[in-house]
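Student: One structure, as structure tokens, below. Some questions next.
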Amino acid sequence: MRVQVATIGSSPSGLMLGQLLNQAGIDNVILEQRSKAHVLSRIRAGVLEQGTVELLERAGVAGRLHAEGLVHDGFDICVSGTRRRVDLASRGGVVVYGQTEVTRDLMEAREAAGAVTVYEAGEVSLEGFDGDTPSVRYRKDGATHQVRCDFIAGCDGFHGVSRKSVPDAAITSFERVYPFGWLGVLSETPPVSDELIYVHSPRGFALCSMRSPTLSRYYIQCTLAENVNEWPDERFWHELRTRLDPDTAAVLQTGPSIEKSIAPLRSFVAEPMRFGRLFLAGDAAHIVPPTGAKGLNLAASDIHYLSDALIEFHATGRSGALESYSRRALRRVWLAERFSWWMTHLLHHFPDNGPFGMKMQTAELEYLFSSSSAQASLAENYVGLPY
Ligand code: FAD
Ligand code: DHB
């Protein structure tokens with residue numbers, strides 16, 4: 001097979017890129033190691049920045065998002081049993097619409113356009129991206145296949161093969177692993193509140209989120225030693241209630257979980273994001289702890305820069321935007337890393353914080369709620385910094 005762009009990963013970033021390239025007449029293939037059903041079963045992000053919504057509009061896949069997505073003009077932070085609101089209205093708000101739904105909309109558009117996605121592509125390997133003739137090999141149905149291309153887009157997440165194909169000497173990684181994870185539950189119950197609630201409590205962080213008026217998503221901070229099987233629903237609901245303020249705990253509606261999983265928290269950036277004809281995007285290049293709701297949105301902003309660069313090259317032969325892709329994307333990545341790191345430190349219980357660290361956290365929260373400038377800064381970052 002020969003295409004202009006071979007993309008690894010039927011991820012939000014890979015599918016968004018594919019859709020924007022299709023619209024520009026650039027042929028592309030997506031190679032995905034898992035099945036379509038598996039990709040659609042993963043419950044992940046829920047909060048979309050305005051920039052992500054605009055990119056999905058440009059890609060022609062925002063119809064259902066506008067019909068079913070919930071516009072949120074604020075969220076609450078609950079500290080010591082008191083809920084306070086952070087206003088987002090003056091900055092346009094965010095949209096609550098699940099990553100699973102974004103993925104489904106993009107897959108449907110891709111199928112309607114007749115573009116090829118190879119699911120269950122095994123042993124994907126990248127070759128020749130440091131020269132002019134890159135290619136990707138994979139195994140499927142007992143045979144090895146080769147895709148020759150002009151460019152490779154590595155959209156295969158943190159554990160993918162793309163970043164690992166780059167020689168160690170050509171890449172620099174920056175990392176912080178946090179000493180806790182998030183235990184998440186999805187349940188077919190009405191959300192406890194119309195808006196999200198981020199909770200700082202002595203027993204640790206909690207988050208009340210949602211997917212729709214009848215589908216709730218809740219998270220609690222847990223240790224890294226935790227096993228999901230040791231968290232029957234009743235234990236989860238009890239622990240969540242103890243972290244909420246009494247009024248919210250009293251109206252929490254519980255029910256059977258339909259998904260339950262633990263995610264570790266990590267900050268990670270690999271620099272640069274371009275190696276010859278290989279371009280990394282999304283979690284393949286960087287991870288943020290989920291506290292700031294930035295992971296999916298950063299994947300989208302990478303694709304904003306990368307799709308523009310590939311389309312400009314295709315239309316004019318000019319490679320300036322391809323050459324500046326890594327620099328432009330990384331600038332925004334580091335700003336979102338800073339915000340996600342800050343919000344994680346603001347709201348979680350850090351076992352090794354010590355008395356001074358805990359006083360600093362209390363002072364930070366005190367400052368946030370006594371300063372409209374501090375709240376404006378939080379809101380500015382939460383809704384998304386400009387591209
Ligand atoms: P990914 O979603 O990482 O997908 C990569 C794809 O590549 C997968 O389909 C995988 O199967 C495939 N792949 C991997 N290896 C290979 C290979 N060798 N060959 C072929 N294919 C391969 N972000 C937000 O913005 N807001 C939120 O509210 C938010 N909440 C989150 C909550 C949780 C619990 C978690 C875990 C994450 C959350 N995130 C959030 C982060 C967000 O989900 C990720 O940042 C986002 O999925 C990254 O998308 P991506 O396009 O980089 O690819
Ligand atoms: C969700 C996840 C987040 O990390 C976040 O900050 C807000 C919402 C969610 O899954 O709904």
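Letters A, B, ... mark the chains of the structure tokens in the order given; residue numbers begin at 1 per chain; ligand numbers begin at 1, in order shown.
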Within 12 Å of region 142-155 of chain A, which residues of region 37-124 of chain A come that close, and what is the closest atom pair and distance in Å for each? Count only C-alpha atoms and give it as a Markdown table.
Tutor:
| residue | atom | partner | partner_atom | distance |
| --- | --- | --- | --- | --- |
| A:Val118 | CA | A:His145 | CA | 10.9 |
| A:Glu120 | CA | A:Gly142 | CA | 11.6 |
| A:Ala121 | CA | A:His145 | CA | 9.5 |
| A:Gly122 | CA | A:Thr144 | CA | 9.1 |
| A:Glu123 | CA | A:Thr144 | CA | 9.1 |
| A:Val124 | CA | A:His145 | CA | 9.6 |
Student: For ligand 2, return the neighbouring residues as a list of chain:residue names (distance at most 7 Å; only C-alpha atoms and all ligand atoms).
Tutor: A:Arg44, A:Ala45, A:Gly46, A:Val47, A:Ser209, A:Met210, A:Arg211, A:Arg217, A:Pro290, A:Thr291, A:Gly292, A:Ala293
Student: Could you turn the residues from that selection into a file that holds C-alpha atoms, as an mmCIF file, in the first residue's frame?
Tutor:
data_model
loop_
_atom_site.group_PDB
_atom_site.id
_atom_site.type_symbol
_atom_site.label_atom_id
_atom_site.label_comp_id
_atom_site.auth_asym_id
_atom_site.auth_seq_id
_atom_site.Cartn_x
_atom_site.Cartn_y
_atom_site.Cartn_z
ATOM 1 C CA ARG A 44 -11.644 8.303 29.430
ATOM 2 C CA ALA A 45 -11.856 12.072 29.108
ATOM 3 C CA GLY A 46 -15.037 14.078 29.480
ATOM 4 C CA VAL A 47 -14.267 17.803 29.246
ATOM 5 C CA SER A 209 -18.313 14.482 36.848
ATOM 6 C CA MET A 210 -20.843 13.284 34.310
ATOM 7 C CA ARG A 211 -21.464 12.194 30.749
ATOM 8 C CA ARG A 217 -18.589 9.680 36.370
ATOM 9 C CA PRO A 290 -6.010 14.243 34.598
ATOM 10 C CA THR A 291 -6.827 16.867 37.255
ATOM 11 C CA GLY A 292 -6.890 19.772 34.791
ATOM 12 C CA ALA A 293 -8.827 17.823 32.098
#
Student: Under the rule that only C-alpha atoms and all ligand atoms are counted, which of A:Ser90, A:Ser340, A:Asn22, A:Thr172 is the nearest residue to ligand 1?
Tutor: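 Checking each of A:Ser90, A:Ser340, A:Asn22, A:Thr172 against ligand 1, counting only C-alpha atoms and all ligand atoms, the winner is A:Ser340.
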Student: Neighbours of ligand 1 within 7 Å, counting only C-alpha atoms and all ligand atoms, as number ranges by chain?
Tutor: A: 8-14, 31-34, 39, 44-48, 99, 121-124, 155-161, 182, 184, 263, 281-284, 287, 290, 293-299
Student: Those selected residues, please, written with N, CA and C atoms and delivered as a CSV table (one decimal), in the first residue's frame.
Tutor:
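Produced file out-v3.csv, reproduced below:
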chain,number,residue,atom,x,y,z
A,8,ILE,N,-0.4,5.9,13.2
A,8,ILE,CA,-0.4,4.8,14.1
A,8,ILE,C,-1.4,5.2,15.2
A,9,GLY,N,-2.5,4.4,15.4
A,9,GLY,CA,-3.4,4.6,16.5
A,9,GLY,C,-4.7,5.2,16.0
A,10,SER,N,-5.8,4.4,16.2
A,10,SER,CA,-7.2,4.9,16.0
A,10,SER,C,-7.6,5.7,17.2
A,11,SER,N,-6.8,6.6,17.6
A,11,SER,CA,-7.0,7.4,18.8
A,11,SER,C,-7.8,8.7,18.5
A,12,PRO,N,-8.2,9.5,19.4
A,12,PRO,CA,-8.8,10.8,19.1
A,12,PRO,C,-7.8,11.6,18.2
A,13,SER,N,-6.6,11.6,18.5
A,13,SER,CA,-5.6,12.4,17.7
A,13,SER,C,-5.5,11.8,16.3
A,14,GLY,N,-5.3,10.5,16.2
A,14,GLY,CA,-5.2,9.9,14.9
A,14,GLY,C,-6.4,10.1,14.0
A,31,LEU,N,-3.5,2.6,11.3
A,31,LEU,CA,-3.2,1.3,11.8
A,31,LEU,C,-3.4,1.2,13.3
A,32,GLU,N,-4.3,0.4,13.8
A,32,GLU,CA,-4.7,0.3,15.2
A,32,GLU,C,-4.5,-1.1,15.7
A,33,GLN,N,-3.8,-1.3,16.8
A,33,GLN,CA,-3.5,-2.7,17.3
A,33,GLN,C,-4.7,-3.4,17.9
A,34,ARG,N,-5.7,-2.6,18.4
A,34,ARG,CA,-6.9,-3.3,19.1
A,34,ARG,C,-8.1,-3.3,18.1
A,39,VAL,N,-11.6,-0.2,21.3
A,39,VAL,CA,-11.3,1.2,21.3
A,39,VAL,C,-12.5,2.0,21.8
A,44,ARG,N,-12.8,7.4,29.0
A,44,ARG,CA,-11.6,8.3,29.4
A,44,ARG,C,-12.1,9.7,29.6
A,45,ALA,N,-11.6,10.7,28.8
A,45,ALA,CA,-11.9,12.1,29.1
A,45,ALA,C,-13.3,12.5,29.0
A,46,GLY,N,-13.7,13.6,29.6
A,46,GLY,CA,-15.0,14.1,29.5
A,46,GLY,C,-15.2,15.6,29.2
A,47,VAL,N,-14.1,16.3,29.3
A,47,VAL,CA,-14.3,17.8,29.2
A,47,VAL,C,-13.5,18.3,28.0
A,48,LEU,N,-14.3,19.0,27.2
A,48,LEU,CA,-13.7,19.6,25.9
A,48,LEU,C,-13.5,21.1,26.0
A,99,GLN,N,-15.1,11.3,25.6
A,99,GLN,CA,-14.1,11.0,24.6
A,99,GLN,C,-14.6,9.8,23.7
A,121,ALA,N,-4.1,-4.6,13.9
A,121,ALA,CA,-2.8,-4.6,13.2
A,121,ALA,C,-1.7,-4.9,14.2
A,122,GLY,N,-1.1,-6.1,14.1
A,122,GLY,CA,-0.1,-6.5,15.1
A,122,GLY,C,1.3,-6.1,14.7
A,123,GLU,N,2.2,-6.1,15.7
A,123,GLU,CA,3.6,-5.9,15.5
A,123,GLU,C,3.9,-4.8,14.5
A,124,VAL,N,3.3,-3.6,14.8
A,124,VAL,CA,3.5,-2.5,13.9
A,124,VAL,C,5.0,-2.0,14.1
A,155,CYS,N,0.3,8.5,16.7
A,155,CYS,CA,-0.8,8.9,17.5
A,155,CYS,C,-1.2,7.8,18.4
A,156,ASP,N,-0.2,7.0,18.9
A,156,ASP,CA,-0.5,5.7,19.5
A,156,ASP,C,-0.3,5.7,21.0
A,157,GLY,N,-0.5,6.9,21.6
A,157,GLY,CA,-0.5,6.9,23.1
A,157,GLY,C,0.8,6.7,23.8
A,158,PHE,N,0.8,6.7,25.1
A,158,PHE,CA,2.0,6.7,25.9
A,158,PHE,C,2.7,5.4,25.7
A,159,HIS,N,2.0,4.2,25.6
A,159,HIS,CA,2.6,2.9,25.5
A,159,HIS,C,2.8,2.5,24.1
A,160,GLY,N,2.6,3.4,23.1
A,160,GLY,CA,2.7,3.0,21.7
A,160,GLY,C,4.1,2.7,21.2
A,161,VAL,N,4.2,2.4,19.9
A,161,VAL,CA,5.5,2.0,19.3
A,161,VAL,C,6.2,3.2,18.7
A,182,TRP,N,-6.1,7.4,40.4
A,182,TRP,CA,-7.5,7.7,40.5
A,182,TRP,C,-8.3,6.4,40.2
A,184,GLY,N,-11.8,5.3,39.2
A,184,GLY,CA,-13.0,5.9,38.5
A,184,GLY,C,-14.2,4.9,38.4
A,263,ALA,N,-6.4,4.5,37.3
A,263,ALA,CA,-5.4,5.2,36.4
A,263,ALA,C,-4.3,5.8,37.2
A,281,ALA,N,2.1,12.9,18.3
A,281,ALA,CA,1.0,13.8,18.7
A,281,ALA,C,0.3,13.1,19.9
A,282,GLY,N,-0.3,13.9,20.8
A,282,GLY,CA,-1.1,13.4,21.9
A,282,GLY,C,-0.2,12.7,22.9
A,283,ASP,N,-0.8,11.7,23.6
A,283,ASP,CA,-0.2,11.0,24.7
A,283,ASP,C,1.1,10.3,24.2
A,284,ALA,N,1.3,10.0,22.9
A,284,ALA,CA,2.6,9.5,22.5
A,284,ALA,C,3.7,10.4,22.8
A,287,ILE,N,2.1,13.3,28.6
A,287,ILE,CA,1.0,12.9,29.5
A,287,ILE,C,0.9,14.0,30.6
A,290,PRO,N,-4.7,13.8,35.1
A,290,PRO,CA,-6.0,14.2,34.6
A,290,PRO,C,-6.7,15.4,35.3
A,293,ALA,N,-8.0,18.2,33.3
A,293,ALA,CA,-8.8,17.8,32.1
A,293,ALA,C,-8.2,18.3,30.8
A,294,LYS,N,-6.9,18.0,30.7
A,294,LYS,CA,-6.1,18.6,29.5
A,294,LYS,C,-5.7,17.5,28.5
A,295,GLY,N,-5.6,16.2,28.9
A,295,GLY,CA,-5.0,15.2,28.0
A,295,GLY,C,-5.6,15.2,26.6
A,296,LEU,N,-6.9,15.0,26.5
A,296,LEU,CA,-7.5,14.9,25.2
A,296,LEU,C,-7.4,16.3,24.5
A,297,ASN,N,-7.5,17.3,25.2
A,297,ASN,CA,-7.5,18.7,24.6
A,297,ASN,C,-6.1,19.0,24.0
A,298,LEU,N,-5.0,18.5,24.7
A,298,LEU,CA,-3.7,18.7,24.1
A,298,LEU,C,-3.5,17.8,22.9
A,299,ALA,N,-4.1,16.6,22.9
A,299,ALA,CA,-4.0,15.8,21.7
A,299,ALA,C,-4.7,16.6,20.5
Student: Among region 77-284 of chain A, which residues does DSSP mark as helix (DSSP H, G or I) when it is run on the backbone? Keep the chain and numbering as in the structure and answer as number ranges by chain.
Tutor: A: 89-91, 99-112, 163-165, 168-170, 228-230, 233-243, 246-251, 282-284
Student: Rank A:His72, A:Arg332, A:Arg266, A:Arg163 by their smallest atom-to-atom distance to Leu196 (chain A), using only C-alpha atoms, and report the top residue only.
Tutor: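 Ranking A:His72, A:Arg332, A:Arg266, A:Arg163 by distance to Leu196 (chain A), first place goes to A:His72.
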Student: Take CA of Ile303 (chain A) and CA of Arg277 (chain A) and report the distance between them in Å, one decimal.
Tutor: 15.6 Å
Student: Applying 8 Å and only C-alpha atoms, which residues near His200 (chain A) remain after dropping the ones on its own chain fewer than 3 positions away? List them as a list in words.
Tutor: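 Within the cut-off, the hits are Ile77, Cys78, Val79, Ser80, Gly204, Phe205, Ala206, Arg243, Leu347, His348 and His349 of chain A.
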Student: Looking at A:Ser370, A:Thr117, A:Ala285, A:Ala376, which one is nearest to Ser35 (chain A), with distances taken over only C-alpha atoms?
Tutor: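 Among the listed residues, the smallest separation from Ser35 (chain A) belongs to A:Thr117.
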Student: Between A:Gln361, A:Ser324, A:Gln50, A:Ser41, which has the minimum distance to Pro202 (chain A) (counting only C-alpha atoms)?
Tutor: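 Counting only C-alpha atoms, the residue closest to Pro202 (chain A) is A:Gln361.
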Student: So that I can see what lies close to Ile262 (chain A), please list as an mmCIF file with N, CA, C and O atoms, in the first residue's frame the residues with an atom at most 10 Å from it, counting only C-alpha atoms and leaving out residues fewer than 2 positions away in the same chain.
Tutor:
data_model
loop_
_atom_site.group_PDB
_atom_site.id
_atom_site.type_symbol
_atom_site.label_atom_id
_atom_site.label_comp_id
_atom_site.auth_asym_id
_atom_site.auth_seq_id
_atom_site.Cartn_x
_atom_site.Cartn_y
_atom_site.Cartn_z
ATOM 1 N N GLY A 181 -3.103 7.241 42.483
ATOM 2 C CA GLY A 181 -3.844 7.089 41.232
ATOM 3 C C GLY A 181 -5.267 7.579 41.419
ATOM 4 O O GLY A 181 -5.611 8.122 42.476
ATOM 5 N N TRP A 182 -6.083 7.405 40.377
ATOM 6 C CA TRP A 182 -7.518 7.709 40.463
ATOM 7 C C TRP A 182 -8.288 6.413 40.214
ATOM 8 O O TRP A 182 -8.029 5.713 39.228
ATOM 9 N N LEU A 183 -9.238 6.150 41.120
ATOM 10 C CA LEU A 183 -10.173 5.051 40.917
ATOM 11 C C LEU A 183 -11.455 5.678 40.363
ATOM 12 O O LEU A 183 -12.045 6.555 41.011
ATOM 13 N N GLY A 184 -11.846 5.274 39.164
ATOM 14 C CA GLY A 184 -13.002 5.897 38.496
ATOM 15 C C GLY A 184 -14.169 4.937 38.375
ATOM 16 O O GLY A 184 -13.978 3.728 38.173
ATOM 17 N N VAL A 185 -15.374 5.460 38.500
ATOM 18 C CA VAL A 185 -16.595 4.663 38.363
ATOM 19 C C VAL A 185 -17.564 5.386 37.434
ATOM 20 O O VAL A 185 -17.725 6.609 37.523
ATOM 21 N N TYR A 219 -14.602 9.989 40.508
ATOM 22 C CA TYR A 219 -13.234 9.509 40.762
ATOM 23 C C TYR A 219 -12.883 9.765 42.216
ATOM 24 O O TYR A 219 -13.316 10.772 42.803
ATOM 25 N N ILE A 220 -12.066 8.876 42.790
ATOM 26 C CA ILE A 220 -11.438 9.168 44.092
ATOM 27 C C ILE A 220 -9.946 8.873 43.992
ATOM 28 O O ILE A 220 -9.527 7.938 43.298
ATOM 29 N N GLN A 221 -9.157 9.692 44.651
ATOM 30 C CA GLN A 221 -7.717 9.436 44.759
ATOM 31 C C GLN A 221 -7.525 8.126 45.523
ATOM 32 O O GLN A 221 -8.200 7.868 46.521
ATOM 33 N N CYS A 222 -6.603 7.274 45.036
ATOM 34 C CA CYS A 222 -6.327 6.010 45.733
ATOM 35 C C CYS A 222 -4.820 5.773 45.741
ATOM 36 O O CYS A 222 -4.080 6.452 45.027
ATOM 37 N N THR A 223 -4.374 4.817 46.524
ATOM 38 C CA THR A 223 -2.929 4.533 46.544
ATOM 39 C C THR A 223 -2.568 3.718 45.305
ATOM 40 O O THR A 223 -3.433 3.137 44.644
ATOM 41 N N LEU A 224 -1.273 3.639 45.032
ATOM 42 C CA LEU A 224 -0.828 2.889 43.854
ATOM 43 C C LEU A 224 -0.924 1.381 44.083
ATOM 44 O O LEU A 224 -0.884 0.600 43.139
ATOM 45 N N GLU A 226 -3.496 -0.108 45.233
ATOM 46 C CA GLU A 226 -4.914 -0.493 45.220
ATOM 47 C C GLU A 226 -5.224 -1.441 44.065
ATOM 48 O O GLU A 226 -4.664 -1.304 42.974
ATOM 49 N N ASN A 227 -6.156 -2.386 44.329
ATOM 50 C CA ASN A 227 -6.609 -3.318 43.307
ATOM 51 C C ASN A 227 -8.107 -3.079 43.115
ATOM 52 O O ASN A 227 -8.864 -3.053 44.089
ATOM 53 N N VAL A 228 -8.520 -2.924 41.870
ATOM 54 C CA VAL A 228 -9.914 -2.565 41.588
ATOM 55 C C VAL A 228 -10.896 -3.611 42.150
ATOM 56 O O VAL A 228 -12.013 -3.293 42.554
ATOM 57 N N LYS A 260 -15.344 0.401 36.021
ATOM 58 C CA LYS A 260 -14.552 0.777 37.196
ATOM 59 C C LYS A 260 -13.096 0.514 36.844
ATOM 60 O O LYS A 260 -12.761 -0.584 36.381
ATOM 61 N N PRO A 264 -3.041 5.468 36.962
ATOM 62 C CA PRO A 264 -1.949 6.143 37.676
ATOM 63 C C PRO A 264 -1.832 7.582 37.192
ATOM 64 O O PRO A 264 -2.324 7.921 36.116
ATOM 65 N N LEU A 265 -1.227 8.445 37.976
ATOM 66 C CA LEU A 265 -1.065 9.857 37.568
ATOM 67 C C LEU A 265 0.393 10.138 37.251
ATOM 68 O O LEU A 265 1.288 9.771 38.032
#
Student: DSSP on the backbone, strand (DSSP E or B) only: what residues of region 17-253 of chain A does that give? Format it as JSON, numbers by chain.
Tutor: {"A": [28, 29, 30, 31, 47, 48, 70, 71, 72, 74, 75, 76, 77, 78, 79, 82, 83, 84, 85, 86, 87, 94, 95, 96, 116, 117, 118, 122, 123, 124, 125, 126, 127, 135, 136, 137, 138, 139, 140, 143, 144, 145, 146, 147, 148, 151, 152, 153, 154, 172, 173, 174, 175, 176, 177, 178, 179, 180, 181, 182, 183, 184, 185, 186, 187, 197, 198, 199, 200, 206, 207, 208, 209, 210, 211, 212, 215, 216, 217, 218, 219, 220, 221, 222]}
Student: Interatomic distance between CA of Pro256 (chain A) and CA of Asn229 (chain A)?
Tutor: 14.4 Å
Student: How many Å separate CA of Leu106 (chain A) from CA of Leu56 (chain A)?
Tutor: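 Separation of CA of Leu106 (chain A) and CA of Leu56 (chain A): 8.7 Å.
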